Amino acid sequence: MKRALKFNAGALLLAIMLMFTSMGASAQFSRGEKSVGPKVGYVSKNESAAAGLVFQYAFSKHLRVAPEIGCVFKHQHLDAFTIDLNVHTPFTFTGEKAALYPLAGLNYSSWNYSIPKELFDEMDDVSTRTSRFGLNLGAGFELRCSRTLKLGLEAKYTLIKRFSGANVSAMICYIF
């Protein structure tokens with residue numbers, strides 16, 4: 001019981017400290033700032049690697065849009081093509097060096113299930129493609145290394161009928 005109270009009190013104290021330090025810090029980016037870069041990661045739906053390209057545009061100090069395009073590599077006879085349109089609300093906590101952001105957005109995924117030829121003697125490879133819209137919910141962390149370079153980590157859960165799963169990715173972006 002005491003251990004649970006210590007953990008909860010510690011987590012609450014950390015959340016309060018992050019909230020107060022982010023209030024006084026200036027935003028990591030300015031209005032109109034853009035960044036672009038590659039992303040690589042892991043997708044839990046088919047337990048495979050993913051790669052893509054992300055673009056970010058800051059509408060204000062606390063709101064940016066981040067469209068991205070990607071592919072999930074084939075594993076367990078499943079692969080996909082994805083398009084995301086996410087919105088970030090960054091909170092800085094070490095001046096202009098690091099930011100934590102929640103994200104929410106829309107997802108379009110086209111999943112392909114391929115049946116191997118070994119299972120069917122007379123047929124060629126057979127595949128079925130299912131395309132669906134979904135929702136993204138998650139959070140990210142980014143670290144600005146210089147005026148033109150930032151590194152980021154992002155974790156999100158994509159809610160799609162029959163194809164929901166977690167995505168964890170790392171990115172490196174050029175800021176302009």
# chains A, B, ... in the order shown; residues from 1 in each chain; ligands from 1
$ select_by_dssp --residues "range 11-105 of chain A" --states "strand (DSSP E or B)" --output "MDAnalysis selection string"
chainID A and resid 34:43 48:60 63:75 78:88 91:92 98:105
$ residues_around --residues "range 134-143 of chain A" --least-positions-apart "4" --cutoff "9 Å" --atoms "only C-alpha atoms" --output "ChimeraX atom specification"
/A:84-86,88,90,96-109,149-161,164,171
$ closest_residue --among "A:Ser127, A:Phe176, A:Trp111, A:Thr148" --to "Arg31 in chain A" --atoms "only C-alpha atoms"
A:Phe176
$ closest_residue --among "A:Thr94, A:Ser30, A:Asn112, A:Ser48" --to "Ala80 in chain A" --atoms "only C-alpha atoms"
A:Asn112
$ closest_atom_pairs --of "range 66-175 of chain A" --to "range 37-42 of chain A" --cutoff "7 Å" --atoms "only C-alpha atoms" --output "JSON lines"
{"residue": "A:Asn167", "atom": "CA", "partner": "A:Tyr42", "partner_atom": "CA", "distance": 5.8}
{"residue": "A:Val168", "atom": "CA", "partner": "A:Tyr42", "partner_atom": "CA", "distance": 5.4}
{"residue": "A:Ser169", "atom": "CA", "partner": "A:Gly41", "partner_atom": "CA", "distance": 3.8}
{"residue": "A:Ala170", "atom": "CA", "partner": "A:Val40", "partner_atom": "CA", "distance": 5.6}
{"residue": "A:Met171", "atom": "CA", "partner": "A:Lys39", "partner_atom": "CA", "distance": 4.3}
{"residue": "A:Ile172", "atom": "CA", "partner": "A:Gly37", "partner_atom": "CA", "distance": 5.6}
{"residue": "A:Cys173", "atom": "CA", "partner": "A:Gly37", "partner_atom": "CA", "distance": 4.2}
{"residue": "A:Tyr174", "atom": "CA", "partner": "A:Gly37", "partner_atom": "CA", "distance": 6.1}
